[in-house]
Structure formats: C-alpha cells, structure tokens
>>> print(open('data-v3.csv').read())   # CSV, C-alpha atoms
chain,number,residue,atom,x,y,z
A,1,MET,CA,-14.7,17.0,-55.9
A,2,THR,CA,-17.3,14.8,-54.2
A,3,VAL,CA,-20.5,16.3,-53.0
A,4,GLN,CA,-20.7,16.9,-49.3
A,5,LEU,CA,-24.2,16.2,-47.9
A,6,SER,CA,-25.6,18.2,-45.0
A,7,ALA,CA,-26.4,16.5,-41.7
A,8,GLU,CA,-30.1,16.4,-42.7
A,9,GLU,CA,-29.4,14.9,-46.2
A,10,SER,CA,-27.1,12.3,-44.6
A,11,ALA,CA,-29.9,11.4,-42.2
A,12,LEU,CA,-32.3,11.0,-45.1
A,13,LEU,CA,-29.8,8.8,-46.9
A,14,VAL,CA,-29.4,6.5,-43.9
A,15,ASP,CA,-33.2,6.4,-43.3
A,16,SER,CA,-33.9,5.6,-47.0
A,17,PHE,CA,-31.2,2.9,-47.1
A,18,ARG,CA,-32.3,1.4,-43.9
A,19,ARG,CA,-35.9,1.0,-45.1
A,20,LEU,CA,-34.6,-0.4,-48.4
A,21,LEU,CA,-32.5,-3.0,-46.6
A,22,ASP,CA,-35.5,-4.0,-44.4
A,23,GLN,CA,-37.4,-4.9,-47.5
A,24,ALA,CA,-34.6,-6.2,-49.7
A,25,TRP,CA,-32.6,-8.0,-47.0
A,26,PRO,CA,-34.8,-9.2,-44.2
A,27,VAL,CA,-33.3,-11.0,-41.2
A,28,GLU,CA,-35.0,-14.2,-42.0
A,29,GLY,CA,-33.0,-16.2,-44.5
A,30,GLY,CA,-30.2,-13.7,-44.5
A,31,LEU,CA,-27.4,-16.2,-44.0
A,32,ALA,CA,-28.5,-18.4,-46.9
A,33,ARG,CA,-28.9,-15.3,-49.2
A,34,ALA,CA,-25.4,-14.2,-48.3
A,35,GLU,CA,-24.0,-17.1,-50.2
A,36,ASP,CA,-26.4,-16.8,-53.2
A,37,VAL,CA,-24.7,-15.0,-56.0
A,38,ALA,CA,-28.1,-14.2,-57.7
A,39,ALA,CA,-29.4,-12.6,-54.4
A,40,LEU,CA,-26.3,-10.5,-54.1
A,41,LYS,CA,-26.6,-9.2,-57.6
A,42,ARG,CA,-30.3,-8.4,-57.0
A,43,LEU,CA,-29.2,-6.4,-53.9
A,44,SER,CA,-26.6,-4.6,-56.0
A,45,SER,CA,-29.3,-3.6,-58.5
A,46,VAL,CA,-31.6,-2.4,-55.7
A,47,MET,CA,-28.8,-0.2,-54.3
A,48,HIS,CA,-28.2,1.2,-57.7
A,49,GLU,CA,-31.8,2.4,-57.9
A,50,LEU,CA,-31.1,4.4,-54.7
A,51,GLY,CA,-28.1,6.0,-56.5
A,52,LEU,CA,-25.4,4.3,-54.4
A,53,ALA,CA,-23.4,3.4,-57.5
A,54,SER,CA,-22.3,7.0,-57.5
A,55,LEU,CA,-20.7,6.9,-54.1
A,56,GLY,CA,-17.2,8.4,-54.3
A,57,ALA,CA,-17.7,9.7,-57.9
A,58,VAL,CA,-16.7,13.2,-58.9
A,59,GLU,CA,-20.3,14.4,-58.7
A,60,GLY,CA,-21.4,11.9,-56.1
A,61,PRO,CA,-21.5,11.7,-52.3
A,62,GLY,CA,-18.1,11.3,-50.6
A,63,LEU,CA,-16.5,8.9,-48.2
A,64,ALA,CA,-18.4,10.2,-45.2
A,65,GLU,CA,-21.7,9.1,-46.8
A,66,ALA,CA,-20.1,5.8,-47.9
A,67,LEU,CA,-19.2,5.0,-44.3
A,68,LEU,CA,-22.8,5.6,-43.3
A,69,VAL,CA,-23.9,3.1,-46.1
A,70,PHE,CA,-21.4,0.5,-45.0
A,71,GLU,CA,-22.5,0.9,-41.4
A,72,GLN,CA,-26.1,0.1,-42.4
A,73,LEU,CA,-24.8,-2.9,-44.4
A,74,GLY,CA,-23.1,-4.2,-41.3
A,75,SER,CA,-26.2,-3.7,-39.2
A,76,ALA,CA,-28.3,-5.6,-41.7
A,77,ALA,CA,-25.7,-8.3,-42.2
A,78,ALA,CA,-26.0,-7.6,-45.9
A,79,PRO,CA,-22.7,-8.4,-47.8
A,80,ALA,CA,-23.5,-6.2,-50.7
A,81,PRO,CA,-20.8,-6.1,-53.4
A,82,LEU,CA,-20.2,-2.3,-53.1
A,83,MET,CA,-16.5,-2.0,-52.1
A,84,GLY,CA,-15.2,-2.2,-55.6
A,85,THR,CA,-17.7,0.3,-56.9
A,86,LEU,CA,-16.5,2.9,-54.4
A,87,VAL,CA,-12.8,2.3,-55.3
A,88,ALA,CA,-13.6,2.5,-59.0
A,89,ASN,CA,-15.3,5.9,-58.5
A,90,LEU,CA,-12.7,7.4,-56.2
A,91,MET,CA,-9.8,6.3,-58.3
A,92,LEU,CA,-11.0,6.2,-61.9
A,93,ASP,CA,-13.9,8.7,-62.3
A,94,GLY,CA,-12.6,11.5,-64.5
A,95,SER,CA,-9.8,9.4,-66.1
A,96,ASP,CA,-8.3,10.7,-69.4
A,97,ASP,CA,-8.3,7.1,-70.7
A,98,GLY,CA,-11.5,6.6,-72.8
A,99,ALA,CA,-11.7,2.8,-72.1
A,100,VAL,CA,-11.2,3.4,-68.3
A,101,ARG,CA,-13.8,6.1,-68.4
A,102,ALA,CA,-16.3,3.8,-70.2
A,103,PHE,CA,-15.6,1.1,-67.5
A,104,VAL,CA,-16.5,3.6,-64.7
A,105,GLU,CA,-19.7,4.6,-66.6
A,106,GLU,CA,-20.7,0.9,-66.7
A,107,VAL,CA,-20.0,0.6,-63.0
A,108,GLN,CA,-22.3,3.6,-62.2
A,109,ALA,CA,-24.9,2.1,-64.5
A,110,ASP,CA,-24.8,-1.2,-62.7
A,111,LYS,CA,-23.8,-3.0,-65.8
A,112,VAL,CA,-20.6,-4.3,-64.2
A,113,VAL,CA,-19.8,-5.2,-60.6
A,114,PRO,CA,-16.1,-4.8,-59.6
A,115,ALA,CA,-14.2,-6.4,-56.7
A,116,VAL,CA,-11.0,-4.9,-55.4
A,117,ALA,CA,-7.8,-6.9,-54.7
A,118,LEU,CA,-5.3,-4.9,-52.6
A,119,GLY,CA,-2.3,-7.3,-53.0
A,120,THR,CA,0.9,-5.7,-51.6
A,121,PHE,CA,-1.2,-2.7,-50.3
A,122,ASP,CA,-3.4,-4.9,-48.2
A,123,GLY,CA,-1.4,-4.7,-45.0
A,124,ASP,CA,-1.3,-8.4,-44.5
A,125,ARG,CA,2.0,-9.9,-45.7
A,126,LEU,CA,0.1,-13.0,-46.9
A,127,ALA,CA,-2.2,-11.0,-49.3
A,128,GLY,CA,0.0,-11.6,-52.3
A,129,SER,CA,1.2,-9.3,-55.1
A,130,ALA,CA,0.6,-8.3,-58.7
A,131,SER,CA,3.0,-7.2,-61.4
A,132,TYR,CA,2.3,-5.6,-64.8
A,133,ALA,CA,4.2,-5.8,-68.0
A,134,SER,CA,3.5,-5.3,-71.7
A,135,GLY,CA,-0.3,-4.9,-71.2
A,136,ARG,CA,-0.6,-8.0,-69.1
A,137,LEU,CA,-0.9,-8.8,-65.5
A,138,THR,CA,0.5,-11.6,-63.4
A,139,ALA,CA,-0.8,-12.0,-59.8
A,140,SER,CA,-1.3,-14.3,-56.9
A,141,LEU,CA,-3.7,-12.7,-54.5
A,142,LYS,CA,-5.6,-13.6,-51.3
A,143,PHE,CA,-8.4,-12.1,-49.1
A,144,VAL,CA,-10.3,-10.7,-52.1
A,145,GLU,CA,-13.8,-9.7,-51.2
A,146,ASP,CA,-16.8,-10.0,-53.5
A,147,ALA,CA,-14.8,-12.0,-56.2
A,148,GLY,CA,-17.5,-14.7,-56.3
A,149,SER,CA,-20.2,-12.2,-57.4
A,150,ALA,CA,-18.1,-9.7,-59.4
A,151,THR,CA,-17.8,-9.3,-63.1
A,152,HIS,CA,-14.4,-7.6,-63.0
A,153,LEU,CA,-11.4,-7.3,-60.7
A,154,ILE,CA,-9.7,-4.1,-59.8
A,155,VAL,CA,-6.1,-5.1,-58.8
A,156,LEU,CA,-3.7,-2.8,-57.1
A,157,ALA,CA,-0.2,-3.6,-58.6
A,158,GLN,CA,3.1,-2.4,-57.3
A,159,ALA,CA,5.6,-3.3,-60.1
A,160,PRO,CA,5.0,-0.8,-61.7
A,161,SER,CA,2.3,0.9,-59.5
A,162,GLY,CA,-1.2,1.2,-60.9
A,163,LEU,CA,-4.7,-0.2,-61.1
A,164,ALA,CA,-5.4,-3.2,-63.4
A,165,ILE,CA,-9.0,-3.9,-64.5
A,166,VAL,CA,-9.6,-7.6,-65.4
A,167,PRO,CA,-12.8,-9.4,-66.3
A,168,VAL,CA,-13.3,-12.4,-64.0
A,169,ASP,CA,-14.1,-14.6,-67.0
A,170,ALA,CA,-11.0,-13.7,-68.9
A,171,GLU,CA,-8.5,-16.4,-69.8
A,172,GLY,CA,-5.9,-17.0,-67.2
A,173,VAL,CA,-8.1,-15.9,-64.2
A,174,ALA,CA,-8.8,-18.4,-61.5
A,175,ILE,CA,-10.9,-17.6,-58.4
A,176,THR,CA,-11.1,-20.0,-55.5
A,177,ALA,CA,-13.3,-19.5,-52.5
A,178,ASP,CA,-11.4,-19.5,-49.2
A,179,PRO,CA,-14.0,-20.2,-46.4
A,180,GLY,CA,-13.5,-18.5,-43.1
A,181,LEU,CA,-15.3,-16.1,-40.8
A,182,ALA,CA,-16.6,-13.9,-43.7
A,183,VAL,CA,-19.9,-14.9,-45.3
A,184,PRO,CA,-19.7,-15.0,-48.3
A,185,PRO,CA,-16.1,-16.2,-48.1
A,186,LEU,CA,-13.1,-14.2,-49.3
A,187,SER,CA,-11.3,-15.6,-52.3
A,188,ALA,CA,-7.9,-16.4,-53.6
A,189,VAL,CA,-7.3,-15.1,-57.1
A,190,ASP,CA,-4.6,-16.2,-59.5
A,191,ILE,CA,-4.0,-14.2,-62.8
A,192,ALA,CA,-1.7,-15.4,-65.5
A,193,ALA,CA,-0.7,-12.9,-68.2
A,194,THR,CA,-4.3,-11.7,-68.8
A,195,PRO,CA,-5.1,-8.8,-71.2
A,196,LEU,CA,-6.5,-5.9,-69.3
A,197,LEU,CA,-7.1,-2.1,-68.8
A,198,TRP,CA,-4.4,-0.3,-67.0
A,199,GLN,CA,-4.3,3.0,-65.1
A,200,PRO,CA,-1.0,4.1,-63.6
A,201,PHE,CA,-0.9,5.6,-60.1
A,202,GLY,CA,1.8,6.5,-57.6
A,203,GLU,CA,2.2,4.1,-54.7
A,204,GLU,CA,1.0,6.8,-52.2
A,205,ARG,CA,-2.3,7.1,-54.1
A,206,LEU,CA,-2.8,3.3,-54.1
A,207,ALA,CA,-2.0,3.2,-50.4
A,208,GLY,CA,-4.8,5.8,-50.0
A,209,ALA,CA,-7.2,3.5,-51.8
A,210,ALA,CA,-6.3,0.7,-49.5
A,211,GLN,CA,-6.9,3.0,-46.5
A,212,VAL,CA,-10.4,3.7,-47.8
A,213,VAL,CA,-11.1,0.0,-48.0
A,214,ARG,CA,-9.9,-0.5,-44.4
A,215,LEU,CA,-12.1,2.4,-43.3
A,216,LEU,CA,-15.2,1.0,-45.1
A,217,SER,CA,-14.6,-2.4,-43.5
A,218,LEU,CA,-14.4,-0.8,-40.1
A,219,ALA,CA,-17.6,1.0,-40.7
A,220,ARG,CA,-19.3,-2.3,-41.6
A,221,ALA,CA,-17.9,-3.9,-38.5
A,222,PHE,CA,-19.2,-0.9,-36.4
A,223,GLY,CA,-22.7,-1.4,-37.9
A,224,ALA,CA,-22.6,-5.0,-37.0
A,225,ALA,CA,-21.4,-4.3,-33.5
A,226,ARG,CA,-24.1,-1.6,-33.0
A,227,ARG,CA,-26.8,-3.9,-34.1
A,228,ALA,CA,-25.5,-6.7,-31.9
A,229,PHE,CA,-25.5,-4.3,-28.9
A,230,ASP,CA,-29.1,-3.3,-29.6
A,231,LEU,CA,-30.0,-7.0,-29.6
A,232,ALA,CA,-28.3,-7.5,-26.3
A,233,LEU,CA,-30.0,-4.4,-24.8
A,234,ASP,CA,-33.4,-5.6,-25.9
A,235,HIS,CA,-32.7,-9.1,-24.5
A,236,ALA,CA,-31.6,-7.6,-21.1
A,237,LYS,CA,-35.0,-5.9,-20.9
A,238,ILE,CA,-37.1,-9.1,-21.1
A,239,ARG,CA,-34.9,-12.0,-20.0
A,240,ARG,CA,-35.7,-12.9,-16.5
A,241,GLN,CA,-33.6,-14.8,-13.9
A,242,PHE,CA,-34.1,-15.1,-10.2
A,243,GLY,CA,-37.3,-13.2,-10.5
A,244,HIS,CA,-35.8,-10.1,-12.2
A,245,VAL,CA,-35.0,-9.0,-15.7
A,246,ILE,CA,-31.3,-9.4,-16.2
A,247,GLY,CA,-31.0,-5.7,-17.1
A,248,GLU,CA,-31.5,-4.9,-13.4
A,249,PHE,CA,-28.3,-6.7,-12.5
A,250,GLN,CA,-25.3,-4.4,-12.0
A,251,ALA,CA,-22.9,-6.7,-13.8
A,252,VAL,CA,-25.1,-6.6,-17.0
A,253,GLN,CA,-25.5,-2.9,-16.7
A,254,HIS,CA,-21.8,-2.4,-16.5
A,255,LYS,CA,-21.2,-4.4,-19.6
A,256,LEU,CA,-23.9,-2.5,-21.5
A,257,VAL,CA,-22.4,0.9,-20.5
A,258,ASP,CA,-18.9,-0.2,-21.5
A,259,CYS,CA,-20.2,-1.4,-24.9
A,260,LEU,CA,-21.9,1.9,-25.5
A,261,SER,CA,-18.7,3.8,-24.6
A,262,ARG,CA,-16.7,1.8,-27.0
A,263,LEU,CA,-19.3,2.2,-29.8
A,264,ASP,CA,-19.4,6.0,-29.2
A,265,GLY,CA,-15.6,6.2,-29.5
A,266,ALA,CA,-15.4,4.1,-32.7
A,267,LYS,CA,-18.2,6.2,-34.3
A,268,LEU,CA,-16.4,9.5,-33.5
A,269,LEU,CA,-13.2,8.3,-35.0
A,270,LEU,CA,-14.9,6.9,-38.1
A,271,SER,CA,-16.8,10.1,-38.7
A,272,SER,CA,-13.7,12.2,-38.2
A,273,ALA,CA,-11.6,10.2,-40.7
A,274,GLY,CA,-14.4,10.3,-43.3
A,275,ALA,CA,-15.0,14.1,-43.0
A,276,ALA,CA,-11.2,14.8,-43.2
A,277,HIS,CA,-10.9,12.7,-46.4
A,278,ASP,CA,-13.8,14.6,-48.0
A,279,ARG,CA,-12.4,18.0,-47.2
A,280,GLY,CA,-9.0,17.1,-48.6
A,281,ASP,CA,-7.2,17.0,-45.2
A,282,ASP,CA,-4.1,14.8,-45.4
A,283,ALA,CA,-4.7,14.0,-41.7
A,284,TRP,CA,-7.5,11.5,-42.8
A,285,ARG,CA,-4.9,8.8,-43.1
A,286,VAL,CA,-3.6,9.1,-39.6
A,287,LEU,CA,-7.2,9.4,-38.4
A,288,THR,CA,-7.9,6.2,-40.2
A,289,ASP,CA,-5.0,4.4,-38.4
A,290,ALA,CA,-6.3,5.8,-35.1
A,291,ALA,CA,-9.8,4.6,-35.8
A,292,LEU,CA,-8.5,1.1,-36.6
A,293,ALA,CA,-6.1,1.0,-33.7
A,294,PHE,CA,-8.9,1.9,-31.2
A,295,SER,CA,-11.8,0.2,-32.8
A,296,GLY,CA,-10.2,-3.2,-33.3
A,297,PRO,CA,-10.1,-4.2,-29.7
A,298,ALA,CA,-13.1,-2.1,-28.7
A,299,LEU,CA,-15.6,-3.6,-31.2
A,300,ARG,CA,-14.3,-7.2,-30.7
A,301,GLN,CA,-14.9,-6.7,-26.9
A,302,VAL,CA,-18.4,-5.5,-27.7
A,303,ALA,CA,-19.0,-8.7,-29.7
A,304,LEU,CA,-17.8,-10.8,-26.7
A,305,ASP,CA,-19.9,-8.9,-24.2
A,306,VAL,CA,-23.0,-9.3,-26.4
A,307,HIS,CA,-22.6,-13.0,-26.2
A,308,HIS,CA,-22.1,-12.9,-22.5
A,309,ILE,CA,-25.4,-11.0,-22.1
A,310,LEU,CA,-27.4,-13.1,-24.7
A,311,GLY,CA,-26.1,-16.4,-23.3
A,312,ALA,CA,-26.8,-19.6,-25.2
A,313,ILE,CA,-29.3,-18.0,-27.6
A,314,GLY,CA,-26.4,-15.9,-29.1
A,315,TYR,CA,-24.8,-19.0,-30.4
A,316,ALA,CA,-27.8,-20.3,-32.3
A,317,GLU,CA,-27.6,-19.9,-36.1
A,318,GLU,CA,-31.3,-19.1,-36.1
A,319,HIS,CA,-30.5,-15.9,-34.2
A,320,GLU,CA,-28.9,-12.8,-35.7
A,321,ALA,CA,-26.1,-12.6,-33.2
A,322,PRO,CA,-23.7,-15.1,-34.8
A,323,ARG,CA,-23.6,-13.4,-38.2
A,324,HIS,CA,-22.7,-10.1,-36.5
A,325,PHE,CA,-20.0,-11.8,-34.5
A,326,ARG,CA,-18.5,-13.2,-37.7
A,327,ARG,CA,-18.7,-9.9,-39.5
A,328,ILE,CA,-17.0,-8.0,-36.7
A,329,HIS,CA,-14.1,-10.3,-36.5
A,330,ALA,CA,-13.8,-11.0,-40.3
A,331,ASP,CA,-13.5,-7.2,-40.9
A,332,LEU,CA,-11.3,-6.3,-38.0
A,333,LEU,CA,-8.8,-9.1,-38.4
A,334,ARG,CA,-8.0,-8.2,-42.0
A,335,PHE,CA,-5.3,-5.8,-43.4
A,336,GLY,CA,-2.8,-6.7,-40.6
A,337,GLY,CA,-5.4,-6.0,-37.9
A,338,THR,CA,-4.8,-3.7,-35.0
A,339,ALA,CA,-1.1,-4.5,-34.9
A,340,ARG,CA,-0.6,-3.0,-38.3
A,341,ALA,CA,-2.7,0.1,-37.5
A,342,ARG,CA,-0.7,0.7,-34.3
A,343,ALA,CA,2.6,0.3,-36.2
A,344,ASP,CA,1.5,2.8,-38.9
A,345,LEU,CA,0.3,5.2,-36.2
A,346,ALA,CA,3.7,4.9,-34.3
A,347,ASP,CA,5.6,5.5,-37.6
A,348,TYR,CA,3.7,8.7,-38.0
A,349,LEU,CA,3.9,10.0,-34.5
A,350,LEU,CA,7.6,9.1,-34.0
A,351,SER,CA,8.9,10.2,-37.4
A,352,PRO,CA,11.1,13.3,-37.4
A,353,ALA,CA,8.6,15.2,-39.5
A,354,ALA,CA,5.7,14.5,-37.1
>>> encode(input="data-v3.csv", output="structure tokens")
Amino acid sequence: MTVQLSAEESALLVDSFRRLLDQAWPVEGGLARAEDVAALKRLSSVMHELGLASLGAVEGPGLAEALLVFEQLGSAAAPAPLMGTLVANLMLDGSDDGAVRAFVEEVQADKVVPAVALGTFDGDRLAGSASYASGRLTASLKFVEDAGSATHLIVLAQAPSGLAIVPVDAEGVAITADPGLAVPPLSAVDIAATPLLWQPFGEERLAGAAQVVRLLSLARAFGAARRAFDLALDHAKIRRQFGHVIGEFQAVQHKLVDCLSRLDGAKLLLSSAGAAHDRGDDAWRVLTDAALAFSGPALRQVALDVHHILGAIGYAEEHEAPRHFRRIHADLLRFGGTARARADLADYLLSPAA
C-alpha cells in the first residue's frame, strides 16, 4: 500500500521539487540539456536525493504525488527519466523473485535507470509488440520514452503476458532515436532473443500499468500547458499595442479565461484519477479515460491560444513557449490520442455491465 500524503505534505513536495528544478534545470540552455544524456542522468540523481525514486513503491508516495511531480517536470520542460522508475515500483516492488526484487532496489538506489516500452498495451497500433519464450524476448517496439538515457528496458509483453527486464547494452538490443515533437526523441527498439528477467502478470494488470503511463504523460502535458498559460498572462500585462496593454482587449481576455477554464477542468480530472487509484477504487481507469478524452483537445487549444497571445515571440526557440508547445502535443498525441480514450470510455459506458 503506497503512502497517501496530506494536502500540506503534497504542497511541501511540490514546493521542494519546484525549487530543486529551478536550480538543477534553469530555463536558459534547457533545450540543449534535454538532448544531453549526461545532463539527464545528473537530473535523475538530483531527484533521487529528494526521494523521488520511491514514487509508487510499497512504502512510498502514490500516483497522486507522482502526478504532481510530472506536472512540475512539464512546467520546467525537464524531460527527467522517471517514468520507468514509477512503473518498476508500482509493478515490481514486493516481488517474490529475488532477482526482480534486487533490480527494484537498484532502481530505488539510483543505480539503474529503467525505461518502459508498452508495446501492444500502448494504445497506438503502430507501437509494436513483444513475445517471450524460454527465458528470451523478441520484440519490435516504437515510441519508447527515455531509451536513450536508460540502463534497462521494462517491456510489456502479451504472449505470454508479463514484464521483461532487459539491459540496454545486452546482446541483441538495438535502440534507434526517432526524432519528432518530443525532446529528447522517442526511440524504436528491436530486441532479438535477449536473456532477461521475467515477471508474469495478467493482461489486465499490464493494461493498468499502461494507463498509469498515459496519466503521467497527461500530467506532464498539463504542467507544460499551465506554464505556457502563465507566460501568456504575463505577456498580456506588459505588451502594448495601440496605446494599451493587450490584456485590456476583450478578445485577449476571453482567450485567457477560456484557457483557465480548460486548465481547471484538466486538473480536476487528473487529481480525481490519481486519488481513485491510490485508494484502490477501480473507477480510476475510467476516470483516466475521461481525463484523457477531455484534456487532449482542451490542452492543445490552450497551446494554440498561448501562441495567439504571444504572437511572433512565441515561435522563437530562445523563448520558452515552443518547448511547451512541443511537450503538450508530444504527450497528448501518444497512446492513440483522444480518439482511443473516447473509444475506451464509450466501451465502458455502453457495455451491458456499466
């Protein structure tokens, strides 16, 4: 059972982490550092010092707190390799397998950095698949986050269903960067009959792990959107046109109010899903689908409205705004996007058992 923090403790966690990011990941030079493996590993070590390697562990903070952390990562445009750590803790902490348990201990001690590959459970039909037989794994996977800075891969396999743990430098593992909106880029991973650790799980449990990854990505996109909104709001207070600051114009005011409404809605759904997960409420999965279905269009519209308010400066790479634009879209277009979330939500609401 994960530890549930009080509202005051959660606020302290956010404040401490925000101050840590201000020091460890300042705005200046952030884009270049995002593609520097050494810089990402240093950031991982700094987060470990704050105790974040225990997120999702049996005796650690739960998903609700992890969502707050990923929100701050999005706000700081800091692509910390933390997704795999949370999945390892949620799925493997307390395992009866001694080797798997030792792996989790190394994760929590910041001795290894895992990346997670969802494969069939990704939600995108192009994400690939993995199969396991006789202690070896064969996989062709896409859209793998943090593979370029990870020491190990955690692969969700369907045939049979379970988690495979593979060192990235093992024979038969090939990782290729696949540049796109995400910085650093997602990767394609091919695995050919590589020796590994294996932990069997039912498909429903693996699908739950994939839902967690989707929710964390949404939290990060929300953080980026919230920061982008704050940048636009500050800009509207000082940018002058026709003798007035643009924040006095009704059209700009309407955009800002609409953005704030969308952000509030996304935050409420995120918090509800995380809290339901941590108290063991099965409704957390449908709440996650609801959060994804609403927030996909809402946060993408926030990103567009921010650019409308900022104008040309919002397209300059020297400014923060473009990196938040990329993060919002890179996270929200993954896992089958809004269409997949709406389809899953419809399946739940229209099924005979609903």
>>> residues_around(input="data-v3.csv", residues="stretch 290-303 of chain A", least_positions_apart="6", cutoff="9 Å", atoms="all atoms listed in the file", output="ChimeraX atom specification")
/A:214-215,218,221-222,224-226,228-229,255-256,258-260,262-263,265-270,272-273,321,324-325,328-329,332-333,337-342,345
>>> closest_residue(input="data-v3.csv", among="A:Gly98, A:Gly74, A:Gly51, A:Pro185", to="A:Val37", atoms="all atoms listed in the file")
A:Pro185
>>> atom_distance(input="data-v3.csv", atom1="atom CA of A:His48", atom2="atom CA of A:Trp284")
27.5 Å
>>> closest_residue(input="data-v3.csv", among="A:Ile238, A:Ala7, A:Pro79, A:Val58", to="A:Leu21", atoms="only C-alpha atoms")
A:Pro79
>>> closest_atom_pairs(input="data-v3.csv", of="stretch 169-250 of chain A", to="stretch 127-131 of chain A", cutoff="12 Å", atoms="all atoms listed in the file", output="Markdown table")
| residue | atom | partner | partner_atom | distance |
| --- | --- | --- | --- | --- |
| A:Leu186 | CA | A:Ala127 | CA | 11.4 |
| A:Ser187 | CA | A:Ala127 | CA | 10.6 |
| A:Ala188 | CA | A:Ala127 | CA | 9.0 |
| A:Val189 | CA | A:Gly128 | CA | 9.4 |
| A:Asp190 | CA | A:Ala130 | CA | 9.5 |
| A:Ile191 | CA | A:Ala130 | CA | 8.5 |
| A:Ala192 | CA | A:Ala130 | CA | 10.1 |
| A:Ala193 | CA | A:Ser131 | CA | 9.6 |
| A:Thr194 | CA | A:Ser131 | CA | 11.3 |
| A:Trp198 | CA | A:Ser131 | CA | 11.6 |
>>> atom_distance(input="data-v3.csv", atom1="atom CA of A:Ala64", atom2="atom CA of A:Ile154")
22.2 Å
>>> closest_residue(input="data-v3.csv", among="A:Leu12, A:Leu196, A:Ala210, A:Leu118", to="A:Ala99", atoms="all atoms listed in the file")
A:Leu196
>>> atom_distance(input="data-v3.csv", atom1="atom CA of A:Leu31", atom2="atom CA of A:Arg323")
7.5 Å
>>> residues_around(input="data-v3.csv", residues="A:Arg101", least_positions_apart="3", cutoff="12 Å", atoms="only C-alpha atoms", output="list of chain:residue names")
A:Ala57, A:Ala88, A:Asn89, A:Met91, A:Leu92, A:Asp93, A:Gly94, A:Ser95, A:Asp96, A:Asp97, A:Gly98, A:Val104, A:Glu105, A:Glu106, A:Val107, A:Gln108, A:Ile165, A:Leu197, A:Trp198, A:Gln199
>>> closest_residue(input="data-v3.csv", among="A:Asp15, A:Asp282, A:Glu171, A:Asp124", to="A:Arg205", atoms="only C-alpha atoms")
A:Asp282
>>> closest_residue(input="data-v3.csv", among="A:Leu156, A:Val286, A:Ala150, A:Ala38", to="A:Leu137", atoms="all atoms listed in the file")
A:Leu156
>>> closest_residue(input="data-v3.csv", among="A:Gly223, A:Gly208, A:Gly60, A:Pro81", to="A:Ala115", atoms="all atoms listed in the file")
A:Pro81
>>> residues_around(input="data-v3.csv", residues="A:Val155", least_positions_apart="2", cutoff="8 Å", atoms="all atoms listed in the file", output="list in words")
Val116, Ala117, Leu118, Gly119, Ala130, Leu153, Ala157, Leu163, Ala164, Ile165 and Val166 of chain A
>>> write_last_selection(input="data-v3.csv", atoms="C-alpha atoms", output="short mmCIF file (atom, residue, chain, number, x, y, z; two decimals), in the frame of the given file")
data_model
loop_
_atom_site.label_atom_id
_atom_site.label_comp_id
_atom_site.auth_asym_id
_atom_site.auth_seq_id
_atom_site.Cartn_x
_atom_site.Cartn_y
_atom_site.Cartn_z
CA VAL A 116 -11.00 -4.90 -55.40
CA ALA A 117 -7.80 -6.90 -54.70
CA LEU A 118 -5.30 -4.90 -52.60
CA GLY A 119 -2.30 -7.30 -53.00
CA ALA A 130 0.60 -8.30 -58.70
CA LEU A 153 -11.40 -7.30 -60.70
CA ALA A 157 -0.20 -3.60 -58.60
CA LEU A 163 -4.70 -0.20 -61.10
CA ALA A 164 -5.40 -3.20 -63.40
CA ILE A 165 -9.00 -3.90 -64.50
CA VAL A 166 -9.60 -7.60 -65.40
#
>>> residues_around(input="data-v3.csv", residues="A:Phe17", least_positions_apart="4", cutoff="10 Å", atoms="all atoms listed in the file", output="mmCIF file with C-alpha atoms, in the coordinates of the input")
data_model
loop_
_atom_site.group_PDB
_atom_site.id
_atom_site.type_symbol
_atom_site.label_atom_id
_atom_site.label_comp_id
_atom_site.auth_asym_id
_atom_site.auth_seq_id
_atom_site.Cartn_x
_atom_site.Cartn_y
_atom_site.Cartn_z
ATOM 1 C CA ALA A 11 -29.900 11.400 -42.200
ATOM 2 C CA LEU A 12 -32.300 11.000 -45.100
ATOM 3 C CA LEU A 13 -29.800 8.800 -46.900
ATOM 4 C CA LEU A 21 -32.500 -3.000 -46.600
ATOM 5 C CA ASP A 22 -35.500 -4.000 -44.400
ATOM 6 C CA GLN A 23 -37.400 -4.900 -47.500
ATOM 7 C CA MET A 47 -28.800 -0.200 -54.300
ATOM 8 C CA LEU A 50 -31.100 4.400 -54.700
ATOM 9 C CA LEU A 52 -25.400 4.300 -54.400
ATOM 10 C CA LEU A 68 -22.800 5.600 -43.300
ATOM 11 C CA VAL A 69 -23.900 3.100 -46.100
ATOM 12 C CA GLN A 72 -26.100 0.100 -42.400
ATOM 13 C CA LEU A 73 -24.800 -2.900 -44.400
#
>>> build_atoms(input="data-v3.csv", residues="stretch 97-105 of chain A", atoms="N, CA, C and O atoms", output="mmCIF file, in the coordinates of the input")
data_model
loop_
_atom_site.group_PDB
_atom_site.id
_atom_site.type_symbol
_atom_site.label_atom_id
_atom_site.label_comp_id
_atom_site.auth_asym_id
_atom_site.auth_seq_id
_atom_site.Cartn_x
_atom_site.Cartn_y
_atom_site.Cartn_z
ATOM 1 N N ASP A 97 -8.303 8.302 -69.886
ATOM 2 C CA ASP A 97 -8.300 7.100 -70.700
ATOM 3 C C ASP A 97 -9.794 6.789 -71.076
ATOM 4 O O ASP A 97 -10.599 6.523 -70.183
ATOM 5 N N GLY A 98 -10.123 6.792 -72.371
ATOM 6 C CA GLY A 98 -11.500 6.600 -72.800
ATOM 7 C C GLY A 98 -12.043 5.215 -72.362
ATOM 8 O O GLY A 98 -13.202 5.102 -71.940
ATOM 9 N N ALA A 99 -11.216 4.158 -72.440
ATOM 10 C CA ALA A 99 -11.700 2.800 -72.100
ATOM 11 C C ALA A 99 -11.918 2.727 -70.569
ATOM 12 O O ALA A 99 -12.893 2.110 -70.122
ATOM 13 N N VAL A 100 -11.046 3.359 -69.787
ATOM 14 C CA VAL A 100 -11.200 3.400 -68.300
ATOM 15 C C VAL A 100 -12.477 4.164 -67.966
ATOM 16 O O VAL A 100 -13.275 3.757 -67.109
ATOM 17 N N ARG A 101 -12.661 5.285 -68.635
ATOM 18 C CA ARG A 101 -13.800 6.100 -68.400
ATOM 19 C C ARG A 101 -15.122 5.345 -68.719
ATOM 20 O O ARG A 101 -16.124 5.423 -67.995
ATOM 21 N N ALA A 102 -15.097 4.584 -69.808
ATOM 22 C CA ALA A 102 -16.300 3.800 -70.200
ATOM 23 C C ALA A 102 -16.538 2.704 -69.136
ATOM 24 O O ALA A 102 -17.704 2.395 -68.833
ATOM 25 N N PHE A 103 -15.478 2.132 -68.562
ATOM 26 C CA PHE A 103 -15.600 1.100 -67.500
ATOM 27 C C PHE A 103 -16.344 1.755 -66.295
ATOM 28 O O PHE A 103 -17.272 1.163 -65.727
ATOM 29 N N VAL A 104 -15.933 2.956 -65.890
ATOM 30 C CA VAL A 104 -16.500 3.600 -64.700
ATOM 31 C C VAL A 104 -18.013 3.906 -65.015
ATOM 32 O O VAL A 104 -18.876 3.756 -64.128
ATOM 33 N N GLU A 105 -18.326 4.309 -66.234
ATOM 34 C CA GLU A 105 -19.700 4.600 -66.600
ATOM 35 C C GLU A 105 -20.562 3.291 -66.471
ATOM 36 O O GLU A 105 -21.710 3.337 -66.027
#
